[in-house]
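Next comes entry.cif, with mmCIF, C-alpha atoms and all ligand atoms.
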```
data_target
loop_
_atom_site.group_PDB
_atom_site.id
_atom_site.type_symbol
_atom_site.label_atom_id
_atom_site.label_comp_id
_atom_site.auth_asym_id
_atom_site.auth_seq_id
_atom_site.Cartn_x
_atom_site.Cartn_y
_atom_site.Cartn_z
ATOM 1 C CA MET A 1 39.363 72.854 223.971
ATOM 2 C CA GLU A 2 39.770 69.440 225.593
ATOM 3 C CA LEU A 3 38.401 69.622 229.142
ATOM 4 C CA LYS A 4 40.360 67.786 231.859
ATOM 5 C CA ASN A 5 39.020 69.350 235.059
ATOM 6 C CA LEU A 6 35.473 70.170 233.992
ATOM 7 C CA LEU A 7 32.505 68.126 232.858
ATOM 8 C CA TYR A 8 30.125 69.941 230.548
ATOM 9 C CA GLU A 9 26.642 68.841 229.483
ATOM 10 C CA LYS A 10 23.858 70.607 227.607
ATOM 11 C CA LYS A 11 20.308 69.364 228.101
ATOM 12 C CA ASN A 12 17.145 71.178 226.895
ATOM 13 C CA LYS A 13 18.317 74.801 227.282
ATOM 14 C CA ILE A 14 20.209 73.965 230.498
ATOM 15 C CA ALA A 15 24.003 73.685 230.819
ATOM 16 C CA LEU A 16 25.526 71.688 233.664
ATOM 17 C CA VAL A 17 29.138 72.557 234.514
ATOM 18 C CA THR A 18 30.813 70.222 237.022
ATOM 19 C CA ILE A 19 34.202 71.008 238.535
ATOM 20 C CA ASN A 20 35.832 67.605 238.243
ATOM 21 C CA ARG A 21 38.872 67.033 240.460
ATOM 22 C CA PRO A 22 37.181 64.933 243.165
ATOM 23 C CA ASP A 23 40.500 63.476 244.418
ATOM 24 C CA LYS A 24 41.499 67.073 245.342
ATOM 25 C CA LEU A 25 37.974 67.993 246.478
ATOM 26 C CA ASN A 26 37.633 70.029 243.257
ATOM 27 C CA ALA A 27 40.253 72.580 244.365
ATOM 28 C CA LEU A 28 40.600 75.317 241.765
ATOM 29 C CA ASN A 29 43.978 75.180 240.051
ATOM 30 C CA GLN A 30 45.092 77.296 237.106
ATOM 31 C CA LEU A 31 44.094 74.685 234.514
ATOM 32 C CA THR A 32 40.582 74.566 235.994
ATOM 33 C CA PHE A 33 40.369 78.356 235.775
ATOM 34 C CA THR A 34 41.514 78.320 232.134
ATOM 35 C CA GLU A 35 38.854 75.722 231.309
ATOM 36 C CA MET A 36 36.200 77.679 233.214
ATOM 37 C CA GLU A 37 37.056 80.834 231.283
ATOM 38 C CA PHE A 38 36.709 78.915 228.014
ATOM 39 C CA ILE A 39 33.446 77.192 228.859
ATOM 40 C CA PHE A 40 31.716 80.235 230.384
ATOM 41 C CA ASN A 41 32.607 82.309 227.308
ATOM 42 C CA GLU A 42 31.087 79.529 225.160
ATOM 43 C CA ILE A 43 27.943 79.514 227.320
ATOM 44 C CA ASN A 44 27.669 83.296 227.121
ATOM 45 C CA ASN A 45 27.621 83.110 223.318
ATOM 46 C CA ASP A 46 25.284 80.110 223.116
ATOM 47 C CA ASP A 47 21.663 81.238 222.782
ATOM 48 C CA GLU A 48 20.461 77.640 223.037
ATOM 49 C CA ILE A 49 21.405 77.767 226.724
ATOM 50 C CA HIS A 50 19.003 79.683 228.941
ATOM 51 C CA VAL A 51 20.132 78.602 232.443
ATOM 52 C CA VAL A 52 23.414 77.262 233.876
ATOM 53 C CA ILE A 53 23.954 74.982 236.870
ATOM 54 C CA ILE A 54 27.407 74.689 238.414
ATOM 55 C CA THR A 55 28.345 71.957 240.897
ATOM 56 C CA GLY A 56 31.266 69.822 242.084
ATOM 57 C CA ALA A 57 32.055 66.194 241.280
ATOM 58 C CA GLY A 58 31.734 63.592 244.039
ATOM 59 C CA GLU A 59 29.715 63.577 247.229
ATOM 60 C CA LYS A 60 32.070 65.471 249.486
ATOM 61 C CA ALA A 61 32.801 68.851 247.979
ATOM 62 C CA PHE A 62 31.539 71.618 245.776
ATOM 63 C CA ILE A 63 35.032 73.192 245.766
ATOM 64 C CA ALA A 64 37.527 73.080 248.681
ATOM 65 C CA GLY A 65 39.110 76.370 247.630
ATOM 66 C CA ALA A 66 42.030 77.522 245.553
ATOM 67 C CA ASP A 67 44.668 74.842 245.046
ATOM 68 C CA ILE A 68 46.949 75.303 248.056
ATOM 69 C CA SER A 69 49.932 73.685 246.272
ATOM 70 C CA GLU A 70 49.782 76.581 243.778
ATOM 71 C CA LEU A 71 49.053 79.191 246.463
ATOM 72 C CA ASN A 72 52.165 78.126 248.342
ATOM 73 C CA LYS A 73 54.405 79.373 245.501
ATOM 74 C CA LEU A 74 53.007 82.919 245.306
ATOM 75 C CA ASP A 75 54.905 86.115 246.070
ATOM 76 C CA ILE A 76 53.845 89.772 246.079
ATOM 77 C CA ILE A 77 53.885 90.076 242.270
ATOM 78 C CA SER A 78 52.328 86.731 241.362
ATOM 79 C CA GLY A 79 49.828 86.999 244.248
ATOM 80 C CA LYS A 80 48.178 90.031 242.651
ATOM 81 C CA GLU A 81 47.962 88.296 239.256
ATOM 82 C CA PHE A 82 46.585 85.141 240.915
ATOM 83 C CA ALA A 83 43.801 87.063 242.665
ATOM 84 C CA GLU A 84 42.985 89.119 239.569
ATOM 85 C CA LYS A 85 42.714 86.026 237.340
ATOM 86 C CA GLY A 86 40.262 84.338 239.717
ATOM 87 C CA GLN A 87 38.307 87.568 240.124
ATOM 88 C CA ALA A 88 38.036 88.014 236.344
ATOM 89 C CA ILE A 89 36.588 84.519 235.905
ATOM 90 C CA PHE A 90 34.104 84.902 238.763
ATOM 91 C CA ASN A 91 33.133 88.310 237.300
ATOM 92 C CA LEU A 92 32.561 86.601 233.937
ATOM 93 C CA ILE A 93 30.179 84.177 235.683
ATOM 94 C CA GLU A 94 28.434 86.925 237.657
ATOM 95 C CA ASN A 95 27.994 88.982 234.473
ATOM 96 C CA LEU A 96 26.817 86.057 232.360
ATOM 97 C CA ASN A 97 23.803 86.962 230.221
ATOM 98 C CA LYS A 98 21.747 84.109 231.691
ATOM 99 C CA PRO A 99 21.099 82.913 235.255
ATOM 100 C CA VAL A 100 23.699 80.743 236.986
ATOM 101 C CA ILE A 101 22.580 78.430 239.797
ATOM 102 C CA ALA A 102 25.227 77.110 242.224
ATOM 103 C CA ALA A 103 24.302 73.619 243.448
ATOM 104 C CA VAL A 104 26.562 73.435 246.493
ATOM 105 C CA ASN A 105 27.107 69.788 247.388
ATOM 106 C CA GLY A 106 29.482 69.658 250.371
ATOM 107 C CA PHE A 107 32.554 71.746 251.215
ATOM 108 C CA ALA A 108 32.517 75.190 249.599
ATOM 109 C CA LEU A 109 35.566 76.726 251.228
ATOM 110 C CA GLY A 110 37.635 79.738 250.226
ATOM 111 C CA GLY A 111 37.324 80.059 246.433
ATOM 112 C CA GLY A 112 34.421 77.563 246.580
ATOM 113 C CA SER A 113 32.379 79.974 248.696
ATOM 114 C CA GLU A 114 33.566 82.882 246.562
ATOM 115 C CA LEU A 115 32.351 81.151 243.408
ATOM 116 C CA ALA A 116 28.984 80.466 245.074
ATOM 117 C CA TRP A 117 28.712 84.151 246.095
ATOM 118 C CA ALA A 118 29.298 85.110 242.416
ATOM 119 C CA CYS A 119 26.457 82.877 241.173
ATOM 120 C CA HIS A 120 22.957 84.316 240.854
ATOM 121 C CA ILE A 121 21.077 81.707 242.885
ATOM 122 C CA ARG A 122 22.506 79.289 245.461
ATOM 123 C CA LEU A 123 21.006 75.931 246.458
ATOM 124 C CA ALA A 124 22.678 73.744 249.087
ATOM 125 C CA SER A 125 22.710 70.102 250.112
ATOM 126 C CA GLU A 126 22.250 69.396 253.830
ATOM 127 C CA ASN A 127 25.975 68.584 254.099
ATOM 128 C CA ALA A 128 27.097 71.859 252.469
ATOM 129 C CA LYS A 129 29.666 73.830 254.444
ATOM 130 C CA PHE A 130 30.637 77.320 253.387
ATOM 131 C CA GLY A 131 33.528 79.281 254.827
ATOM 132 C CA GLN A 132 36.381 81.688 254.213
ATOM 133 C CA PRO A 133 39.311 79.922 255.939
ATOM 134 C CA GLU A 134 42.012 81.990 254.213
ATOM 135 C CA VAL A 135 43.310 83.556 257.462
ATOM 136 C CA ASN A 136 44.341 80.053 258.551
ATOM 137 C CA LEU A 137 46.794 80.145 255.626
ATOM 138 C CA GLY A 138 48.007 83.676 256.358
ATOM 139 C CA ILE A 139 46.071 85.252 253.476
ATOM 140 C CA ILE A 140 42.693 86.866 252.925
ATOM 141 C CA PRO A 141 39.928 85.941 250.441
ATOM 142 C CA GLY A 142 41.191 87.098 247.038
ATOM 143 C CA TYR A 143 38.488 86.076 244.550
ATOM 144 C CA GLY A 144 35.952 88.719 245.576
ATOM 145 C CA GLY A 145 34.922 87.134 248.902
ATOM 146 C CA THR A 146 35.545 90.212 251.066
ATOM 147 C CA GLN A 147 33.360 92.272 248.736
ATOM 148 C CA ARG A 148 30.546 89.868 247.851
ATOM 149 C CA LEU A 149 30.039 88.235 251.265
ATOM 150 C CA THR A 150 29.881 91.704 252.837
ATOM 151 C CA ARG A 151 27.197 92.741 250.346
ATOM 152 C CA LEU A 152 25.259 89.499 250.835
ATOM 153 C CA ILE A 153 25.138 89.619 254.645
ATOM 154 C CA ASN A 154 26.706 92.656 256.325
ATOM 155 C CA SER A 155 30.201 93.783 257.253
ATOM 156 C CA GLY A 156 30.036 92.655 260.906
ATOM 157 C CA ARG A 157 28.856 89.156 260.033
ATOM 158 C CA ALA A 158 31.153 88.856 257.014
ATOM 159 C CA LEU A 159 34.150 89.958 259.061
ATOM 160 C CA GLU A 160 33.378 87.476 261.838
ATOM 161 C CA TYR A 161 33.385 84.603 259.321
ATOM 162 C CA ILE A 162 36.527 85.909 257.595
ATOM 163 C CA LEU A 163 38.430 86.611 260.843
ATOM 164 C CA THR A 164 37.540 83.351 262.592
ATOM 165 C CA ALA A 165 37.468 81.048 259.525
ATOM 166 C CA ASP A 166 34.323 79.527 261.091
ATOM 167 C CA ARG A 167 32.277 77.411 258.721
ATOM 168 C CA ILE A 168 28.674 78.198 257.813
ATOM 169 C CA ASP A 169 26.573 75.050 257.623
ATOM 170 C CA ALA A 170 23.677 74.752 255.177
ATOM 171 C CA HIS A 171 20.960 75.691 257.670
ATOM 172 C CA GLU A 172 22.903 78.718 258.944
ATOM 173 C CA ALA A 173 23.487 79.733 255.294
ATOM 174 C CA PHE A 174 19.726 79.499 254.732
ATOM 175 C CA ARG A 175 19.028 81.553 257.871
ATOM 176 C CA LEU A 176 21.469 84.218 256.654
ATOM 177 C CA GLY A 177 19.829 84.303 253.219
ATOM 178 C CA LEU A 178 22.967 82.997 251.511
ATOM 179 C CA VAL A 179 21.134 80.042 249.976
ATOM 180 C CA ASN A 180 17.572 79.879 248.675
ATOM 181 C CA HIS A 181 16.882 76.246 249.612
ATOM 182 C CA VAL A 182 18.489 73.309 251.430
ATOM 183 C CA TYR A 183 17.856 69.787 250.138
ATOM 184 C CA PRO A 184 18.934 66.247 251.059
ATOM 185 C CA ALA A 185 22.110 65.541 249.058
ATOM 186 C CA ALA A 186 20.416 63.125 246.631
ATOM 187 C CA GLU A 187 17.767 65.716 245.744
ATOM 188 C CA LEU A 188 20.104 68.657 245.125
ATOM 189 C CA ILE A 189 20.785 68.182 241.399
ATOM 190 C CA PRO A 190 17.202 67.101 240.527
ATOM 191 C CA LYS A 191 15.923 70.193 242.395
ATOM 192 C CA ALA A 192 18.464 72.417 240.598
ATOM 193 C CA PHE A 193 17.204 71.051 237.256
ATOM 194 C CA GLU A 194 13.585 71.531 238.347
ATOM 195 C CA LEU A 195 14.318 75.218 239.051
ATOM 196 C CA ALA A 196 16.359 75.612 235.849
ATOM 197 C CA GLU A 197 13.531 74.044 233.801
ATOM 198 C CA LYS A 198 10.962 76.366 235.346
ATOM 199 C CA ILE A 199 13.129 79.411 234.535
ATOM 200 C CA SER A 200 13.934 78.188 231.033
ATOM 201 C CA SER A 201 10.213 77.822 230.245
ATOM 202 C CA LYS A 202 9.878 81.631 230.521
ATOM 203 C CA PRO A 203 10.637 84.024 227.637
ATOM 204 C CA PHE A 204 14.429 84.218 227.322
ATOM 205 C CA GLN A 205 14.709 87.968 226.689
ATOM 206 C CA ALA A 206 12.795 88.717 229.905
ATOM 207 C CA ILE A 207 15.038 86.261 231.805
ATOM 208 C CA LYS A 208 18.218 87.880 230.484
ATOM 209 C CA LEU A 209 16.991 91.414 231.175
ATOM 210 C CA SER A 210 15.877 90.472 234.712
ATOM 211 C CA VAL A 211 19.358 89.129 235.542
ATOM 212 C CA LYS A 212 20.985 92.263 234.110
ATOM 213 C CA ALA A 213 18.733 94.594 236.092
ATOM 214 C CA VAL A 214 19.145 92.786 239.417
ATOM 215 C CA ARG A 215 22.923 92.410 239.035
ATOM 216 C CA ALA A 216 23.247 96.180 238.443
ATOM 217 C CA VAL A 217 22.365 96.807 242.083
ATOM 218 C CA ASP A 218 26.008 96.380 243.146
ATOM 219 C CA ASN A 219 27.255 99.069 240.785
ATOM 220 C CA MET A 220 24.486 101.689 240.893
ATOM 221 C CA GLY A 221 22.662 103.883 243.367
ATOM 222 C CA LEU A 222 18.829 103.777 243.522
ATOM 223 C CA ARG A 223 18.125 106.522 240.946
ATOM 224 C CA GLU A 224 20.743 105.302 238.457
ATOM 225 C CA GLY A 225 19.480 101.754 238.976
ATOM 226 C CA GLN A 226 15.916 102.864 238.279
ATOM 227 C CA ASN A 227 17.016 104.610 235.068
ATOM 228 C CA TYR A 228 18.787 101.442 234.017
ATOM 229 C CA GLU A 229 15.707 99.366 234.913
ATOM 230 C CA ALA A 230 13.525 101.662 232.770
ATOM 231 C CA SER A 231 15.920 101.243 229.805
ATOM 232 C CA LEU A 232 15.865 97.446 230.144
ATOM 233 C CA PHE A 233 12.063 97.517 230.552
ATOM 234 C CA ALA A 234 11.898 99.467 227.271
ATOM 235 C CA ILE A 235 14.033 96.827 225.547
ATOM 236 C CA ALA A 236 11.634 94.138 226.823
ATOM 237 C CA CYS A 237 8.714 96.161 225.349
ATOM 238 C CA GLY A 238 10.369 95.842 221.940
ATOM 239 C CA THR A 239 10.410 92.028 221.968
ATOM 240 C CA GLU A 240 7.995 89.744 220.149
ATOM 241 C CA ASP A 241 7.490 87.755 223.323
ATOM 242 C CA PHE A 242 6.172 90.862 225.084
ATOM 243 C CA LYS A 243 3.487 91.263 222.389
ATOM 244 C CA GLU A 244 2.742 87.548 222.555
ATOM 245 C CA GLY A 245 2.618 87.390 226.382
ATOM 246 C CA THR A 246 0.313 90.381 226.771
ATOM 247 C CA SER A 247 -1.881 89.411 223.773
ATOM 248 C CA ALA A 248 -2.234 85.842 225.046
ATOM 249 C CA PHE A 249 -3.398 87.148 228.429
ATOM 250 C CA LEU A 250 -5.991 89.437 226.811
ATOM 251 C CA GLU A 251 -7.173 86.687 224.458
ATOM 252 C CA LYS A 252 -7.393 84.213 227.384
ATOM 253 C CA ARG A 253 -5.028 81.682 225.774
ATOM 254 C CA GLN A 254 -1.625 80.181 226.571
ATOM 255 C CA PRO A 255 1.319 82.210 225.160
ATOM 256 C CA ASN A 256 3.546 80.735 222.499
ATOM 257 C CA PHE A 257 6.913 82.330 223.210
ATOM 258 C CA LYS A 258 9.586 82.442 220.497
ATOM 259 C CA ASN A 259 12.417 83.751 222.720
ATOM 260 C CA CYS A 260 12.914 86.869 220.659
HETATM 261 N N1 LIG B 301 44.067 72.665 247.602
HETATM 262 C C1 LIG B 301 44.749 71.573 247.232
HETATM 263 N N2 LIG B 301 44.414 70.334 247.609
HETATM 264 C C2 LIG B 301 43.348 70.198 248.408
HETATM 265 C C3 LIG B 301 42.580 71.295 248.836
HETATM 266 C C4 LIG B 301 42.979 72.575 248.393
HETATM 267 N N3 LIG B 301 42.301 73.669 248.721
HETATM 268 N N4 LIG B 301 41.593 70.851 249.630
HETATM 269 C C5 LIG B 301 41.713 69.524 249.675
HETATM 270 N N5 LIG B 301 42.778 69.111 248.943
HETATM 271 C C6 LIG B 301 43.274 67.755 248.727
HETATM 272 C C7 LIG B 301 44.012 67.238 249.939
HETATM 273 O O1 LIG B 301 45.364 67.685 249.940
HETATM 274 C C8 LIG B 301 43.893 65.754 249.727
HETATM 275 O O2 LIG B 301 44.803 65.354 248.703
HETATM 276 P P1 LIG B 301 45.737 64.042 248.894
HETATM 277 O O3 LIG B 301 44.751 62.923 249.017
HETATM 278 O O4 LIG B 301 46.536 64.005 247.635
HETATM 279 O O5 LIG B 301 46.520 64.275 250.148
HETATM 280 C C9 LIG B 301 42.496 65.604 249.134
HETATM 281 O O6 LIG B 301 42.167 66.880 248.587
HETATM 282 C C10 LIG B 301 41.441 65.247 250.160
HETATM 283 O O7 LIG B 301 41.473 66.214 251.193
HETATM 284 P P2 LIG B 301 41.614 65.862 252.743
HETATM 285 O O8 LIG B 301 42.158 67.065 253.437
HETATM 286 O O9 LIG B 301 42.360 64.595 252.910
HETATM 287 O O10 LIG B 301 40.086 65.606 253.115
HETATM 288 P P3 LIG B 301 39.415 65.796 254.531
HETATM 289 O O11 LIG B 301 38.050 65.205 254.427
HETATM 290 O O12 LIG B 301 40.296 65.273 255.620
HETATM 291 O O13 LIG B 301 39.265 67.357 254.767
HETATM 292 C C11 LIG B 301 38.766 69.631 254.083
HETATM 293 C C12 LIG B 301 38.428 68.137 253.915
HETATM 294 C C13 LIG B 301 37.962 70.387 253.043
HETATM 295 C C14 LIG B 301 38.362 70.072 255.484
HETATM 296 C C15 LIG B 301 40.282 69.856 253.894
HETATM 297 O O14 LIG B 301 40.678 69.230 252.680
HETATM 298 C C16 LIG B 301 40.685 71.298 253.843
HETATM 299 O O15 LIG B 301 40.727 71.963 254.866
HETATM 300 N N6 LIG B 301 41.023 71.768 252.630
HETATM 301 C C17 LIG B 301 41.525 73.122 252.445
HETATM 302 C C18 LIG B 301 40.424 74.124 252.587
HETATM 303 C C19 LIG B 301 40.961 75.534 252.445
HETATM 304 O O16 LIG B 301 41.694 76.042 253.269
HETATM 305 N N7 LIG B 301 40.552 76.182 251.359
HETATM 306 C C20 LIG B 301 40.884 77.572 251.125
HETATM 307 C C21 LIG B 301 42.063 77.716 250.264
HETATM 308 S S1 LIG B 301 42.351 79.453 250.013
#
```

Starting from the file, lay out its structure as structure tokens.
Ligand code: COA
Amino acid sequence: MELKNLLYEKKNKIALVTINRPDKLNALNQLTFTEMEFIFNEINNDDEIHVVIITGAGEKAFIAGADISELNKLDIISGKEFAEKGQAIFNLIENLNKPVIAAVNGFALGGGSELAWACHIRLASENAKFGQPEVNLGIIPGYGGTQRLTRLINSGRALEYILTADRIDAHEAFRLGLVNHVYPAAELIPKAFELAEKISSKPFQAIKLSVKAVRAVDNMGLREGQNYEASLFAIACGTEDFKEGTSAFLEKRQPNFKNC
């Protein structure tokens, strides 16, 4: 597929996906969603890629939300389809079989915040601004924001941000635990690659199984989650890298992982 609104690069086990509509602050229109669906399905099936970074083009925005010129045309029927399409693509990203790091470089409003909430790890530049300003447009977050933000912080805090449309700056996001680290803007992408490289140096099966186990927390209670964890642990015990990692420790040598 020819990509118009996305940039896609693969470098040493790391994929970099850049939402590329800087003149519209990377607002998510339907074409961008179609391209995202295509590229994230490709990434899911590509075993050469062990970690994904997603960011926005330009210095001002990660993503300034859903494209309001498209939103403006919605009615009751198309509104449901619109929300469900965005949700399906963010679910695809959240359920990806490898870690996804959001490198949030500026405005992450509406769908931009909702995409960040769907990623596995969030890093922010000092000028990052999150927020759910949908009420200002007479709507509510529709790409999973009411559900994920509430799980990430708590219902009182999530509701205050959703009801007031107040923005969350990078340091507040860090204080709330919404982002792991805050960096000067110029360091954000190098730091995201540094983290991605560190993760991608670990055995891939253990990385994939770790993501699966942690992501299950939203869908399972403690006992069911523990059963699931034990099943994934058992799968890890069947990998060659498990034998190699444990043998290397016992033989006091560096492991030579084969990612299988
Ligand atoms: N949908 C469509 N276009 C958008 C957009 C969006 N969500 N956000 C920004 N743009 C466009 C603007 O219309 C403008 O296009 P133009 O140059 O053709 O007029 C361009 O991006 C630059 O935005 P602008 O508003 O001029 O930049 P700014 O620095 O003054 O303000 C924001 C930046 C992010 C505060 C402002 O663009 C904004 O509030 N955007 C909407 C955020 C929002 O409500 N998102 C949730 C949608 S559910």

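Closest to ligand LIG 301 (chain B) among A:Gly145, A:Gly177, A:Gly65, A:Gly225 is A:Gly65, based on all atoms listed in the file.
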
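Among the candidate residues A:Asn154, A:Asn227, A:Asn105, A:Asn259, the one lying nearest to Phe62 in chain A is A:Asn105, with distances computed using all atoms listed in the file.
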
**Asked** Written as a PyMOL selection string, which residues does the PyMOL selection byres (((chain A and resi 16-22) around 6) and not hetatm) give for the file shown?
**Response** chain A and resi 5-9+15+23-26+52-58

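For the pair atom N2 of ligand LIG 301 (chain B) and CA of Ala27 in chain A, the interatomic distance is 5.7 Å.
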
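From CA of Glu187 in chain A back to CA of Gly111 in chain A, the distance works out to 24.3 Å.
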
**Prompt:** Which value, in Å to one decimal, gives the distance between CA of Tyr228 in chain A and CA of Lys212 in chain A?
**Reply:** 9.4 Å

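Nearest residue to Leu195 in chain A, choosing from A:Ile39, A:Ala102, A:Leu74, A:Ala128 and counting all atoms listed in the file: A:Ala102.
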
**Message:** Applying the PyMOL selection byres (((not hetatm)) within 10 of (chain B and resi 301)) to the file I just gave you, which residues come out? Please list them as a ChimeraX atom specification.
**Reply:** /A:21-29,60-72,106-113,129,131-143,165

**Request:** Name the residues that the PyMOL selection byres (((chain A and resi 77-91) around 7) and not hetatm) pulls out of this structure, and write them as a list in words.
**Result:** Glu37, Leu74, Asp75, Ile76, Leu92, Ile93, Glu94, Asn95, Leu115, Ala118, Gly142, Tyr143 and Gly144 of chain A

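Proximity ranking of A:Pro203, A:Gly245, A:Gly238, A:Pro184 relative to Ala103 in chain A places A:Pro184 first, based on all atoms listed in the file.
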
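Among the candidates A:Ala192, A:Ala185, A:Leu152, A:Leu3, the one nearest to Leu123 in chain A when counting all atoms listed in the file is A:Ala192.
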
**Message:** Counting all atoms listed in the file, which residue out of A:Thr34, A:Asn127, A:Thr246, A:Thr146 sits closest to Glu172 in chain A?
**Reply:** A:Asn127

Given all atoms listed in the file, how would the per-residue table for range 53-113 of chain A near range 205-208 of chain A read, listing every residue at most 10 Å away with its closest atom pair and distance in Å to one decimal, sorted by chain and number, as a Markdown table?
```
| residue | atom | partner | partner_atom | distance |
| --- | --- | --- | --- | --- |
| A:Leu96 | CA | A:Lys208 | CA | 9.0 |
| A:Asn97 | CA | A:Lys208 | CA | 5.7 |
| A:Lys98 | CA | A:Lys208 | CA | 5.3 |
| A:Pro99 | CA | A:Lys208 | CA | 7.5 |
```
